[in-house]
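Source file: final_22.txt; contents: compact mmCIF, C-alpha atoms.
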# COMPACT_ATOMS: atom_id res chain seq x y z
CA MET V 238 36.67 48.01 7.74
CA LYS V 239 38.36 45.95 5.02
CA ALA V 240 39.28 43.32 7.63
CA PHE V 241 35.69 43.30 8.86
CA LYS V 242 34.38 42.79 5.32
CA LEU V 243 36.91 40.01 4.77
CA LEU V 244 35.87 38.36 8.02
CA MET V 245 32.17 38.63 7.10
CA GLY V 246 32.95 37.22 3.66
CA CYS V 247 34.78 34.25 5.16
CA LEU V 248 31.93 33.67 7.60
CA LEU V 249 29.43 33.81 4.75
CA ILE V 250 31.41 31.37 2.64
CA SER V 251 31.93 28.95 5.52
CA SER V 252 28.29 29.09 6.57
CA PHE V 253 27.25 28.69 2.94
CA SER V 254 29.40 25.61 2.46
CA PHE V 255 28.26 24.19 5.81
CA GLY V 256 24.64 24.95 4.96
CA GLN V 257 24.88 23.20 1.64
CA SER V 258 26.53 19.93 2.62
CA PHE V 259 23.54 18.04 1.20
CA ARG V 260 21.14 19.30 -1.44
CA ASN V 261 18.61 17.17 -3.30
CA ILE V 262 17.64 13.59 -2.61
CA GLU V 263 16.06 11.74 -5.48
CA LEU V 264 13.96 8.80 -4.37
CA GLN V 265 12.27 6.24 -6.56
CA ALA V 266 9.70 4.24 -4.65
CA ALA V 267 9.04 0.60 -5.55
CA GLY V 268 5.95 -1.56 -5.31
CA LEU V 269 3.29 0.90 -6.47
CA THR V 270 1.73 2.56 -9.45
CA CYS V 271 -1.38 4.32 -8.16
CA SER V 272 -1.47 8.01 -7.32
CA MET V 273 -3.26 7.33 -4.01
CA CYS V 274 -0.32 5.12 -2.94
CA SER V 275 2.17 7.74 -4.08
CA ASN V 276 0.25 10.38 -2.17
CA ALA V 277 0.59 8.33 1.03
CA ILE V 278 4.39 8.52 0.63
CA ASN V 279 4.24 12.21 -0.31
CA LYS V 280 2.15 13.10 2.75
CA ALA V 281 4.41 11.08 5.07
CA LEU V 282 7.57 12.73 3.69
CA SER V 283 6.00 16.17 4.06
CA LYS V 284 6.16 15.73 7.86
CA VAL V 285 9.93 15.14 7.96
CA ASP V 286 11.62 18.11 9.65
CA PHE V 287 14.73 18.32 7.47
CA ILE V 288 12.78 18.31 4.18
CA LYS V 289 12.13 21.72 2.59
CA SER V 290 9.99 20.65 -0.38
CA ILE V 291 9.04 17.64 -2.49
CA ASP V 292 8.48 17.50 -6.24
CA THR V 293 7.03 14.35 -7.71
CA ASP V 294 7.05 12.59 -11.05
CA LEU V 295 4.07 10.27 -10.65
CA SER V 296 4.73 8.42 -13.88
CA LYS V 297 8.01 7.11 -12.42
CA ASN V 298 7.10 7.18 -8.69
CA LEU V 299 9.96 9.66 -8.31
CA PHE V 300 10.25 12.09 -5.39
CA ILE V 301 12.75 14.94 -5.70
CA ILE V 302 13.35 16.01 -2.13
CA SER V 303 14.92 19.36 -1.33
CA ILE V 304 16.81 19.50 1.98
CA LYS V 305 16.53 22.54 4.24
CA ASP V 306 19.60 24.78 4.28
CA GLY V 307 22.05 23.61 6.92
CA ALA V 308 20.10 20.45 7.70
CA VAL V 309 21.76 17.04 7.72
CA PRO V 310 19.30 14.52 6.27
CA ASP V 311 18.80 11.17 7.94
CA PHE V 312 18.43 8.79 5.00
CA ASP V 313 16.97 6.07 7.23
CA VAL V 314 14.12 8.39 8.24
CA ILE V 315 13.17 8.80 4.57
CA ARG V 316 13.41 5.04 3.96
CA LYS V 317 11.27 4.33 7.02
CA LYS V 318 8.58 6.76 5.84
CA VAL V 319 8.41 4.91 2.51
CA GLU V 320 8.27 1.53 4.27
CA ASP V 321 5.65 2.70 6.77
CA ALA V 322 3.52 3.75 3.81
CA GLY V 323 3.72 0.10 2.70
CA PHE V 324 6.32 0.38 -0.05
CA SER V 325 10.08 0.13 -0.62
CA VAL V 326 12.93 2.32 -1.74
CA GLY V 327 13.87 1.24 -5.26
CA LYS V 328 16.63 3.80 -5.75
CA MET V 329 17.91 6.78 -3.78
CA THR V 330 20.55 9.31 -4.76
CA VAL V 331 21.83 12.26 -2.77
CA ASP V 332 23.76 15.33 -3.90
CA VAL V 333 26.72 15.84 -1.57
CA ASN V 334 29.13 18.78 -1.47
CA PHE V 335 32.77 17.67 -1.28
CA ALA V 336 35.79 19.82 -0.45
CA ASN V 337 38.80 18.17 -2.13
CA GLN V 338 38.19 14.91 -0.32
CA LYS V 339 39.92 11.69 -1.27
CA VAL V 340 37.66 8.66 -1.48
CA VAL V 341 38.97 5.13 -1.75
CA ASN V 342 37.10 2.05 -2.92
CA ASP V 343 35.93 -0.24 -0.08
CA GLU V 344 37.00 2.22 2.60
CA HIS V 345 35.09 4.40 5.03
CA THR V 346 35.17 8.17 4.63
CA LEU V 347 33.69 10.78 6.94
CA VAL V 348 31.78 13.20 4.71
CA ASN V 349 29.88 16.14 6.20
CA GLY V 350 29.28 14.21 9.42
CA LYS V 351 28.22 10.94 7.82
CA ILE V 352 30.29 7.79 7.47
CA LEU V 353 30.14 6.71 3.84
CA HIS V 354 31.52 3.41 2.60
CA PHE V 355 32.34 3.78 -1.09
CA LEU V 356 31.85 0.67 -3.23
CA ASN V 357 32.60 -0.09 -6.87
CA ILE V 358 34.42 3.22 -7.46
CA LYS V 359 37.86 4.26 -8.70
CA ASP V 360 39.97 5.95 -6.02
CA GLN V 361 39.67 9.69 -6.61
CA THR V 362 39.51 13.14 -5.07
CA LEU V 363 36.05 14.70 -5.06
CA ASN V 364 35.36 18.41 -5.13
CA GLY V 365 32.03 20.25 -5.37
CA TRP V 366 28.64 18.68 -5.81
CA LYS V 367 28.59 14.95 -6.59
CA ARG V 368 25.60 12.66 -6.85
CA LEU V 369 25.97 9.49 -4.79
CA GLN V 370 23.68 6.49 -4.90
CA LEU V 371 22.90 4.68 -1.67
CA VAL V 372 23.45 0.98 -2.21
CA ASP V 373 22.55 -0.54 1.16
CA LYS V 374 20.24 -3.52 0.81
CA ASN V 375 17.06 -1.61 1.76
CA TYR V 376 17.83 1.15 -0.74
CA LEU V 377 17.76 -1.08 -3.82
CA VAL V 378 15.22 -3.30 -5.48
CA SER V 379 15.79 -6.93 -4.63
CA GLY V 380 18.64 -8.65 -6.40
CA GLN V 381 20.70 -5.50 -6.98
CA SER V 382 22.42 -5.67 -3.60
CA LYS V 383 24.35 -8.84 -4.47
CA LYS V 384 27.03 -7.07 -6.52
CA PHE V 385 27.63 -4.55 -3.73
CA GLN V 386 27.71 -7.30 -1.10
CA ALA V 387 30.35 -9.02 -3.24
CA ALA V 388 32.38 -5.80 -3.43
CA THR V 389 33.34 -5.83 0.25
CA SER V 390 34.35 -8.35 2.85
CA MET V 391 33.45 -6.00 5.72
CA SER V 392 30.51 -6.88 7.93
CA CYS V 393 29.02 -3.38 7.78
CA TYR V 394 27.25 -4.05 4.48
CA LYS V 395 25.12 -6.63 6.24
CA THR V 396 24.76 -4.87 9.59
CA GLY V 397 24.67 -1.23 8.48
CA VAL V 398 26.92 -0.25 11.39
CA ALA V 399 30.66 -0.10 12.05
CA GLY V 400 32.10 -3.29 13.49
CA ASN V 401 35.12 -3.51 15.76
CA CYS V 402 37.27 -3.99 12.68
CA CYS V 403 36.35 -0.56 11.32
CA LYS V 404 37.09 1.54 14.38
CA SER V 405 39.25 4.63 13.96
CA ASP V 406 39.59 8.09 15.44
CA ASP V 407 36.56 9.21 13.44
CA ILE V 408 34.49 6.03 13.56
CA LYS V 409 33.21 4.29 16.65
CA ALA V 410 31.86 0.74 16.70
CA GLY V 411 28.10 0.72 16.25
CA GLN V 412 27.92 3.95 14.24
CA ARG V 413 25.66 3.95 11.18
CA ILE V 414 27.51 3.46 7.92
CA TYR V 415 25.84 4.20 4.59
CA HIS V 416 27.14 2.37 1.55
CA VAL V 417 27.36 4.47 -1.58
CA THR V 418 28.60 4.43 -5.13
CA ILE V 419 29.17 7.21 -7.65
CA MET C 78 -27.16 -9.74 -22.96
CA ALA C 79 -26.15 -6.19 -22.14
CA MET C 80 -24.52 -7.50 -18.95
CA ARG C 81 -22.56 -10.07 -20.91
CA LYS C 82 -21.33 -7.38 -23.30
CA PHE C 83 -20.25 -5.22 -20.37
CA ILE C 84 -18.33 -8.10 -18.80
CA MET C 85 -16.64 -8.90 -22.13
CA ALA C 86 -15.69 -5.24 -22.57
CA ALA C 87 -14.29 -5.11 -19.03
CA CYS C 88 -12.22 -8.25 -19.69
CA CYS C 89 -10.82 -6.78 -22.92
CA TRP C 90 -9.93 -3.54 -21.14
CA GLY C 91 -8.42 -5.42 -18.26
CA PHE C 92 -6.11 -7.62 -20.23
CA GLY C 93 -5.64 -5.85 -23.52
CA SER C 94 -4.12 -2.42 -23.29
CA MET C 95 -0.88 -0.90 -22.08
CA VAL C 96 -1.39 1.38 -19.12
CA HIS C 97 -0.78 0.96 -15.45
CA ALA C 98 -2.79 -1.16 -13.07
CA GLN C 99 -4.52 -0.44 -9.82
CA GLU C 100 -4.59 -2.68 -6.80
CA LEU C 101 -7.51 -1.06 -5.00
CA PHE C 102 -10.20 -3.67 -5.44
CA VAL C 103 -13.89 -3.10 -4.84
CA PHE C 104 -15.38 -6.40 -3.64
CA THR C 105 -12.17 -7.83 -2.15
CA GLU C 106 -9.13 -6.61 -0.24
CA PRO C 107 -5.62 -6.62 -1.78
CA ALA C 108 -2.61 -7.98 0.10
CA SER C 109 -1.37 -4.40 0.52
CA ASN C 110 -2.39 -2.26 3.48
CA MET C 111 -2.99 1.39 4.19
CA ALA C 112 -0.01 3.50 5.17
CA LYS C 113 0.86 3.54 8.86
CA GLY C 114 -0.90 6.42 10.57
CA ASN C 115 -3.53 6.88 7.87
CA ILE C 116 -7.25 6.45 8.45
CA GLY C 117 -9.85 5.66 5.82
CA LEU C 118 -13.55 6.38 6.26
CA ARG C 119 -16.00 4.41 4.16
CA LEU C 120 -19.72 4.32 3.58
CA ASN C 121 -20.59 1.02 1.92
CA ASN C 122 -24.07 0.78 0.44
CA TYR C 123 -25.55 -2.43 -0.95
CA VAL C 124 -28.92 -2.57 -2.71
CA MET C 125 -29.72 -6.24 -3.28
CA LYS C 126 -32.72 -7.64 -5.09
CA GLU C 127 -34.76 -10.21 -3.21
CA GLU C 128 -35.11 -13.52 -5.07
CA VAL C 129 -38.71 -13.83 -3.89
CA GLY C 130 -40.99 -10.97 -4.91
CA ASP C 131 -39.98 -7.61 -6.34
CA GLY C 132 -38.39 -6.14 -3.24
CA TYR C 133 -34.89 -4.83 -2.61
CA ASN C 134 -33.06 -4.73 0.65
CA TYR C 135 -30.58 -2.07 1.63
CA HIS C 136 -27.44 -2.65 3.70
CA LEU C 137 -25.47 0.31 4.98
CA ILE C 138 -22.00 -0.50 6.33
CA PRO C 139 -20.03 2.44 7.76
CA GLU C 140 -16.38 1.46 8.05
CA ILE C 141 -13.22 2.86 9.59
CA MET C 142 -9.87 1.59 8.30
CA ILE C 143 -6.72 2.18 10.29
CA GLY C 144 -3.15 1.78 9.06
CA ALA C 145 -1.92 0.35 12.35
CA GLY C 146 1.66 -0.39 11.29
CA LYS C 147 3.69 -0.82 8.16
CA LYS C 148 2.40 -4.40 7.84
CA TRP C 149 -0.87 -4.18 9.79
CA MET C 150 -4.24 -2.68 9.16
CA VAL C 151 -7.54 -2.89 10.98
CA HIS C 152 -11.11 -2.33 9.79
CA LEU C 153 -14.07 -1.66 12.08
CA ASP C 154 -17.52 -2.06 10.52
CA ALA C 155 -21.10 -1.46 11.62
CA PHE C 156 -23.91 -3.38 9.92
CA LEU C 157 -27.27 -1.72 9.34
CA SER C 158 -30.06 -2.90 7.05
CA ASN C 159 -33.76 -2.60 6.36
CA ARG C 160 -34.15 -6.27 5.50
CA ASN C 161 -36.26 -7.18 8.51
CA HIS C 162 -37.88 -3.83 9.12
CA LYS C 163 -39.08 -0.91 7.07
CA ASN C 164 -36.58 1.34 8.80
CA LEU C 165 -32.82 0.96 8.89
CA GLN C 166 -31.83 -1.09 11.94
CA ALA C 167 -28.43 -1.69 13.50
CA GLU C 168 -27.74 -5.41 13.22
CA GLY C 169 -24.13 -5.86 14.24
CA GLY C 170 -20.51 -5.09 13.63
CA SER C 171 -17.14 -6.59 12.88
CA VAL C 172 -13.44 -6.20 13.43
CA TYR C 173 -11.05 -7.18 10.64
CA ALA C 174 -7.26 -7.32 10.78
CA LYS C 175 -4.82 -7.95 7.94
CA TYR C 176 -1.10 -8.67 8.18
CA ARG C 177 1.16 -8.43 5.12
CA PHE C 178 3.73 -11.19 5.64
CA TYR C 179 5.50 -11.24 2.27
CA SER C 180 6.55 -8.46 -0.11
CA HIS C 181 8.64 -8.55 -3.21
CA ASP C 182 8.71 -5.01 -4.61
CA ASP C 183 10.12 -3.75 -7.87
CA ILE C 184 9.59 -0.52 -9.79
CA GLN C 185 5.84 -0.43 -10.51
CA LYS C 186 5.55 -4.09 -9.62
CA HIS C 187 4.99 -6.14 -6.54
CA PHE C 188 4.03 -9.58 -5.37
CA ARG C 189 2.60 -9.58 -1.87
CA MET C 190 0.87 -11.96 0.47
CA ALA C 191 -1.22 -11.25 3.53
CA ALA C 192 -3.19 -13.15 6.15
CA TYR C 193 -6.41 -11.79 7.57
CA GLY C 194 -9.10 -12.52 10.11
CA ARG C 195 -12.56 -11.15 10.79
CA TYR C 196 -14.88 -11.57 13.75
CA SER C 197 -18.47 -10.39 13.35
CA PHE C 198 -21.58 -10.30 15.46
CA ASN C 199 -25.09 -9.91 14.13
CA ASN C 200 -28.59 -9.99 15.57
CA SER C 201 -30.60 -10.51 12.38
CA ASP C 202 -32.56 -13.65 11.56
CA ILE C 203 -30.64 -16.17 9.46
CA HIS C 204 -32.46 -16.64 6.19
CA GLN C 205 -30.01 -18.29 3.79
CA GLN C 206 -27.43 -21.06 3.54
CA GLU C 207 -24.77 -18.68 2.27
CA ILE C 208 -22.41 -17.82 5.11
CA GLU C 209 -21.56 -14.13 5.13
CA THR C 210 -19.94 -12.64 8.21
CA TYR C 211 -19.85 -9.27 6.42
CA GLY C 212 -23.32 -8.13 7.44
CA HIS C 213 -25.37 -11.32 7.90
CA ASN C 214 -23.88 -13.90 10.27
CA THR C 215 -22.20 -13.88 13.62
CA GLY C 216 -18.97 -15.79 13.09
CA TYR C 217 -15.39 -15.56 11.95
CA GLU C 218 -13.31 -15.80 8.82
CA VAL C 219 -9.59 -16.43 8.38
CA GLY C 220 -7.84 -16.32 5.05
CA THR C 221 -4.88 -15.47 2.91
CA ILE C 222 -4.47 -13.12 -0.06
CA ALA C 223 -1.89 -12.99 -2.84
CA THR C 224 -1.66 -9.90 -5.06
CA GLN C 225 0.49 -9.40 -8.14
CA LEU C 226 0.90 -5.87 -9.42
CA LEU C 227 2.42 -5.57 -12.88
CA HIS C 228 2.90 -2.53 -15.10
CA LYS C 229 -0.27 -3.25 -16.98
CA ILE C 230 -2.51 -5.02 -14.55
CA ALA C 231 -3.12 -5.97 -10.93
CA LEU C 232 -4.31 -9.47 -10.11
CA SER C 233 -5.34 -10.78 -6.75
CA THR C 234 -6.65 -14.02 -5.33
CA SER C 235 -7.77 -15.09 -1.89
CA VAL C 236 -8.88 -18.22 -0.07
CA SER C 237 -10.58 -18.21 3.30
CA TYR C 238 -12.34 -20.39 5.84
CA GLU C 239 -15.57 -18.92 7.20
CA ARG C 240 -17.51 -20.23 10.18
CA ALA C 241 -21.00 -19.14 11.16
CA LEU C 242 -22.10 -19.12 14.78
CA ASP C 243 -25.55 -18.46 16.21
CA ASN C 244 -26.72 -14.89 15.72
CA SER C 245 -27.81 -13.02 18.83
CA LYS C 246 -31.43 -12.23 19.85
CA GLY C 247 -32.14 -15.98 19.71
CA ASN C 248 -31.48 -16.24 15.97
CA LYS C 249 -29.70 -19.58 15.90
CA PHE C 250 -27.86 -20.89 12.84
CA PRO C 251 -30.54 -23.22 11.48
CA TYR C 252 -28.62 -25.54 9.14
CA ASP C 253 -27.03 -28.45 11.03
CA GLY C 254 -23.62 -29.40 9.70
CA LEU C 255 -23.48 -26.48 7.24
CA ALA C 256 -21.87 -23.79 9.39
CA SER C 257 -18.48 -23.83 7.64
CA ALA C 258 -17.50 -22.75 4.16
CA ILE C 259 -14.52 -22.10 1.96
CA ASN C 260 -14.45 -18.79 0.05
CA TYR C 261 -12.31 -18.05 -2.98
CA THR C 262 -11.93 -14.89 -5.02
CA PHE C 263 -10.10 -13.68 -8.09
CA SER C 264 -9.80 -9.98 -8.95
CA ALA C 265 -8.33 -7.98 -11.81
CA GLY C 266 -8.05 -4.22 -11.91
CA LYS C 267 -6.84 -1.63 -14.36
CA LEU C 268 -6.26 2.10 -14.56
CA VAL C 269 -8.03 3.55 -17.62
CA LEU C 270 -7.63 7.29 -16.99
CA PRO C 271 -5.50 9.36 -16.82
CA LYS C 272 -3.42 8.15 -19.73
CA ALA C 273 -0.40 9.88 -18.21
CA TYR C 274 0.07 10.91 -14.59
CA THR C 275 0.89 14.57 -14.09
CA GLY C 276 -0.27 15.23 -10.52
CA TYR C 277 -2.22 14.14 -7.47
CA HIS C 278 -5.23 16.25 -8.49
CA GLN C 279 -6.05 14.11 -11.53
CA THR C 280 -9.19 12.02 -11.33
CA ASN C 281 -8.40 8.34 -11.83
CA LEU C 282 -10.82 5.96 -13.50
CA ASN C 283 -10.29 2.27 -12.82
CA LEU C 284 -12.13 -0.80 -14.03
CA MET C 285 -12.32 -3.96 -11.97
CA LEU C 286 -13.60 -7.43 -12.62
CA GLU C 287 -13.92 -9.83 -9.74
CA VAL C 288 -15.12 -13.40 -9.28
CA LEU C 289 -16.36 -14.42 -5.83
CA GLY C 290 -17.23 -17.97 -4.81
CA GLN C 291 -18.16 -20.08 -1.81
CA THR C 292 -18.41 -23.83 -1.23
CA ASN C 293 -20.09 -25.12 1.89
CA ALA C 294 -17.84 -27.58 3.74
CA GLY C 295 -20.87 -29.62 4.88
CA ASN C 296 -22.73 -30.40 1.68
CA GLY C 297 -20.50 -29.07 -1.10
CA PHE C 298 -23.14 -26.62 -2.31
CA SER C 299 -21.60 -23.59 -4.01
CA TYR C 300 -22.14 -20.27 -5.63
CA LEU C 301 -20.06 -18.23 -8.04
CA ASP C 302 -20.63 -14.51 -8.59
CA ILE C 303 -19.14 -12.12 -11.09
CA ALA C 304 -18.71 -8.52 -9.99
CA PRO C 305 -17.66 -5.78 -12.44
CA SER C 306 -17.08 -2.32 -11.04
CA ILE C 307 -15.97 1.19 -11.85
CA GLN C 308 -13.82 3.20 -9.49
CA LEU C 309 -13.13 6.91 -9.45
CA ILE C 310 -10.35 8.43 -7.33
CA PHE C 311 -10.42 12.16 -6.64
CA ASN C 312 -7.37 14.20 -5.57
CA SER C 313 -5.58 10.96 -4.65
CA LYS C 314 -7.52 10.79 -1.40
CA ALA C 315 -11.23 10.18 -2.06
CA ARG C 316 -12.77 7.24 -3.81
CA LEU C 317 -16.15 6.35 -5.35
CA ASP C 318 -16.81 2.70 -6.22
CA LEU C 319 -19.83 1.60 -8.26
CA GLY C 320 -20.24 -2.16 -8.55
CA TYR C 321 -22.70 -4.81 -9.57
CA ARG C 322 -22.71 -8.36 -8.24
CA LYS C 323 -24.40 -11.14 -10.23
CA GLN C 324 -24.66 -14.84 -9.45
CA ILE C 325 -23.58 -16.91 -12.44
CA TYR C 326 -23.83 -20.29 -10.70
CA GLY C 327 -25.51 -21.32 -7.49
CA SER C 328 -26.64 -24.49 -5.77
CA MET C 329 -27.16 -23.09 -2.27
CA LEU C 330 -30.05 -21.08 -0.87
CA ARG C 331 -29.39 -17.34 -1.16
CA THR C 332 -32.16 -14.81 -0.68
CA ALA C 333 -30.66 -11.76 -2.46
CA PRO C 334 -27.48 -12.59 -4.37
CA ASN C 335 -27.74 -9.91 -7.08
CA GLY C 336 -27.46 -6.19 -6.61
CA PHE C 337 -25.53 -2.96 -6.66
CA MET C 338 -22.95 -1.50 -4.37
CA VAL C 339 -21.90 2.13 -3.97
CA ARG C 340 -18.93 3.01 -1.78
CA LEU C 341 -17.66 6.39 -0.72
CA GLU C 342 -14.18 6.53 0.81
CA TYR C 343 -12.12 9.39 2.18
CA ASN C 344 -8.55 9.05 3.42
CA LEU C 345 -6.91 11.05 6.20
CA PHE C 346 -3.10 11.16 6.22
CA ASN C 347 -0.61 11.27 9.11
CA THR C 348 -3.27 11.02 11.81
CA PHE C 349 -0.99 9.45 14.44
Taking this structure as input, can you express it in the form of structure tokens?
Amino acid sequence: MKAFKLLMGCLLISSFSFGQSFRNIELQAAGLTCSMCSNAINKALSKVDFIKSIDTDLSKNLFIISIKDGAVPDFDVIRKKVEDAGFSVGKMTVDVNFANQKVVNDEHTLVNGKILHFLNIKDQTLNGWKRLQLVDKNYLVSGQSKKFQAATSMSCYKTGVAGNCCKSDDIKAGQRIYHVTI
Amino acid sequence: MAMRKFIMAACCWGFGSMVHAQELFVFTEPASNMAKGNIGLRLNNYVMKEEVGDGYNYHLIPEIMIGAGKKWMVHLDAFLSNRNHKNLQAEGGSVYAKYRFYSHDDIQKHFRMAAYGRYSFNNSDIHQQEIETYGHNTGYEVGTIATQLLHKIALSTSVSYERALDNSKGNKFPYDGLASAINYTFSAGKLVLPKAYTGYHQTNLNLMLEVLGQTNAGNGFSYLDIAPSIQLIFNSKARLDLGYRKQIYGSMLRTAPNGFMVRLEYNLFNTF
């Protein structure tokens, strides 16, 4: 019975940690002030299958997006919804759960199924919930991407996908790479 | 005098205080489009005073707006009026398309440019030198719009070329050499209420001031109108516009340049 309880406990913990790989996404939309424009984004995001709920701060055009338990969010889907509504992503952060994972500046790391390219960070080991900012060109207001472009010589910052240079056991050429900072 | 005071007050509101702007203009279109997949339904009502006599004419323009893509939108309009008859008569329709070709977005700011075109058909008699493919003339219009949204204010300007053709039912364009015109507009808009956004349910009150002009390419005759308006937005999806259009300069023949407009708009989200 004790072994069964232990097994169930382990299963619960592992499913909990798997289910909570990603938590909140905070999105600031750019190019709008009016509530009708903001509502167009809000309504479009409400149809995304991995989103559980959306809170908004209209005064800052901020959307606090809660991810469904166990779901892996596709950041590009969120960006596309904002762009289809006629606006841009000005800033996007995502809360990611790390399990003693080493991250190195200007290197690719597989985190919870996504390839993340860390830029402008100190090499460190991450554990628990950390807030990452997406710094790909379409996730920043114009002009801000230059410093991140300058922080890497790899082609993936421009293309958004792994080039032949970046291939490894975990990363295949052509796979989507998100660029992030802490 | 009262009109002048209202215009002055609108100008002061528009340029003086420190709240956010709106880019939803009443008499013109901004460079921005509707969201992809959204549909807007409009009932545009114009009550214009005839220059000759004491009469008014009424134009009803039902309109469907479609967010066709992230950079495209399309408007379909039907033109009805009682100008030639006592009863409301269907006189024509138009298709309008707008393409946003430049965007520079920042937090609560943008500068955008768009190109647009309209083709209209109309069967009414042609009774004025003003060329107006929005409800009067068969013809087409092509133009470009630039809109600047800042924290405090939204400004927009447009230039277009408009060409009148013969109306149907034998109503030919009667002015030889005067079938083309250049239009130019300038619009400013401002959010007055709420002072602070707390939710989508809040009613928004916006003030707009627009200047609308036309110069005929054939003889150089022109008009210039000023058009103040008030806009209410309900639940971030329905809109009521109340506007007044007044000619402040005119050298061309226009039969009813001054009057009121009332627009009702309702937006449907995620329709396709």
Near Val372 in chain V, counting only C-alpha atoms, which residues have an atom at most 7 Å away, once you skip same-chain residues fewer than 6 positions from it, shown as a VMD selection string? chain V and resid 382 416 to 418
Restricting the calculation to only C-alpha atoms, which member of C:Leu232, C:Val288, C:Ala108, C:Val151 is positioned closest to Val172 in chain C? C:Val151
Output the contact residues of chain V with respect to chain C at a cut-off of 6 Å, based on all atoms listed in the file, as number ranges by chain. V: 267-273, 295-296, 321-323, 378
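Interatomic distance, CA of Phe355 in chain V to CA of Cys403 in chain V: 13.7 Å.
You can rank V:Gly397, V:Val285, V:Gly327, V:Ile419 by their closest distance to Asp311 in chain V using only C-alpha atoms, and at the top of that list sits V:Val285.
Nearest residue to Ala265 in chain C among C:Gly212, C:Gly290, C:Gly169, C:Pro305 is C:Pro305, counting all atoms listed in the file.
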For Arg316 in chain V: contacts at 7 Å, all atoms listed in the file, fewer than 4 positions along chain excluded, given as a PyMOL selection string: chain V and resi 312+320+326
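In this structure, CA of Ala281 in chain V sits 26.1 Å away from CA of Leu353 in chain V.
A straight line drawn from CA of Gln324 in chain C to CA of Leu286 in chain C is 13.7 Å long.
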Can you sort out range 333-348 of chain V so it carries N, CA and C atoms, written as a PDB file, in the frame of the given file?
ATOM      1  N   VAL V 333      25.856  15.536  -2.712  1.00  0.00           N
ATOM      2  CA  VAL V 333      26.720  15.840  -1.570  1.00  0.00           C
ATOM      3  C   VAL V 333      27.809  16.815  -2.012  1.00  0.00           C
ATOM      4  N   ASN V 334      28.099  17.782  -1.171  1.00  0.00           N
ATOM      5  CA  ASN V 334      29.130  18.780  -1.470  1.00  0.00           C
ATOM      6  C   ASN V 334      30.464  18.334  -0.884  1.00  0.00           C
ATOM      7  N   PHE V 335      31.452  18.113  -1.746  1.00  0.00           N
ATOM      8  CA  PHE V 335      32.770  17.670  -1.280  1.00  0.00           C
ATOM      9  C   PHE V 335      33.763  18.835  -1.350  1.00  0.00           C
ATOM     10  N   ALA V 336      34.750  18.779  -0.467  1.00  0.00           N
ATOM     11  CA  ALA V 336      35.790  19.820  -0.450  1.00  0.00           C
ATOM     12  C   ALA V 336      37.149  19.128  -0.575  1.00  0.00           C
ATOM     13  N   ASN V 337      37.518  18.834  -1.834  1.00  0.00           N
ATOM     14  CA  ASN V 337      38.800  18.170  -2.130  1.00  0.00           C
ATOM     15  C   ASN V 337      39.039  16.977  -1.220  1.00  0.00           C
ATOM     16  N   GLN V 338      38.108  16.047  -1.231  1.00  0.00           N
ATOM     17  CA  GLN V 338      38.190  14.910  -0.320  1.00  0.00           C
ATOM     18  C   GLN V 338      38.535  13.645  -1.099  1.00  0.00           C
ATOM     19  N   LYS V 339      39.531  12.918  -0.600  1.00  0.00           N
ATOM     20  CA  LYS V 339      39.920  11.690  -1.270  1.00  0.00           C
ATOM     21  C   LYS V 339      38.999  10.563  -0.833  1.00  0.00           C
ATOM     22  N   VAL V 340      38.491   9.818  -1.806  1.00  0.00           N
ATOM     23  CA  VAL V 340      37.660   8.660  -1.480  1.00  0.00           C
ATOM     24  C   VAL V 340      38.294   7.429  -2.111  1.00  0.00           C
ATOM     25  N   VAL V 341      38.282   6.355  -1.334  1.00  0.00           N
ATOM     26  CA  VAL V 341      38.970   5.130  -1.750  1.00  0.00           C
ATOM     27  C   VAL V 341      37.950   3.998  -1.760  1.00  0.00           C
ATOM     28  N   ASN V 342      38.041   3.171  -2.800  1.00  0.00           N
ATOM     29  CA  ASN V 342      37.100   2.050  -2.920  1.00  0.00           C
ATOM     30  C   ASN V 342      37.209   1.107  -1.715  1.00  0.00           C
ATOM     31  N   ASP V 343      36.055   0.691  -1.202  1.00  0.00           N
ATOM     32  CA  ASP V 343      35.930  -0.240  -0.080  1.00  0.00           C
ATOM     33  C   ASP V 343      36.589   0.298   1.196  1.00  0.00           C
ATOM     34  N   GLU V 344      36.535   1.634   1.342  1.00  0.00           N
ATOM     35  CA  GLU V 344      37.000   2.220   2.600  1.00  0.00           C
ATOM     36  C   GLU V 344      35.970   3.216   3.114  1.00  0.00           C
ATOM     37  N   HIS V 345      36.019   3.454   4.415  1.00  0.00           N
ATOM     38  CA  HIS V 345      35.090   4.400   5.030  1.00  0.00           C
ATOM     39  C   HIS V 345      35.648   5.815   4.983  1.00  0.00           C
ATOM     40  N   THR V 346      34.763   6.764   4.680  1.00  0.00           N
ATOM     41  CA  THR V 346      35.170   8.170   4.630  1.00  0.00           C
ATOM     42  C   THR V 346      34.141   8.996   5.380  1.00  0.00           C
ATOM     43  N   LEU V 347      34.612   9.877   6.227  1.00  0.00           N
ATOM     44  CA  LEU V 347      33.690  10.780   6.940  1.00  0.00           C
ATOM     45  C   LEU V 347      33.425  11.981   6.033  1.00  0.00           C
ATOM     46  N   VAL V 348      32.158  12.120   5.622  1.00  0.00           N
ATOM     47  CA  VAL V 348      31.780  13.200   4.710  1.00  0.00           C
ATOM     48  C   VAL V 348      30.644  13.997   5.341  1.00  0.00           C
TER      49      VAL V 348
END
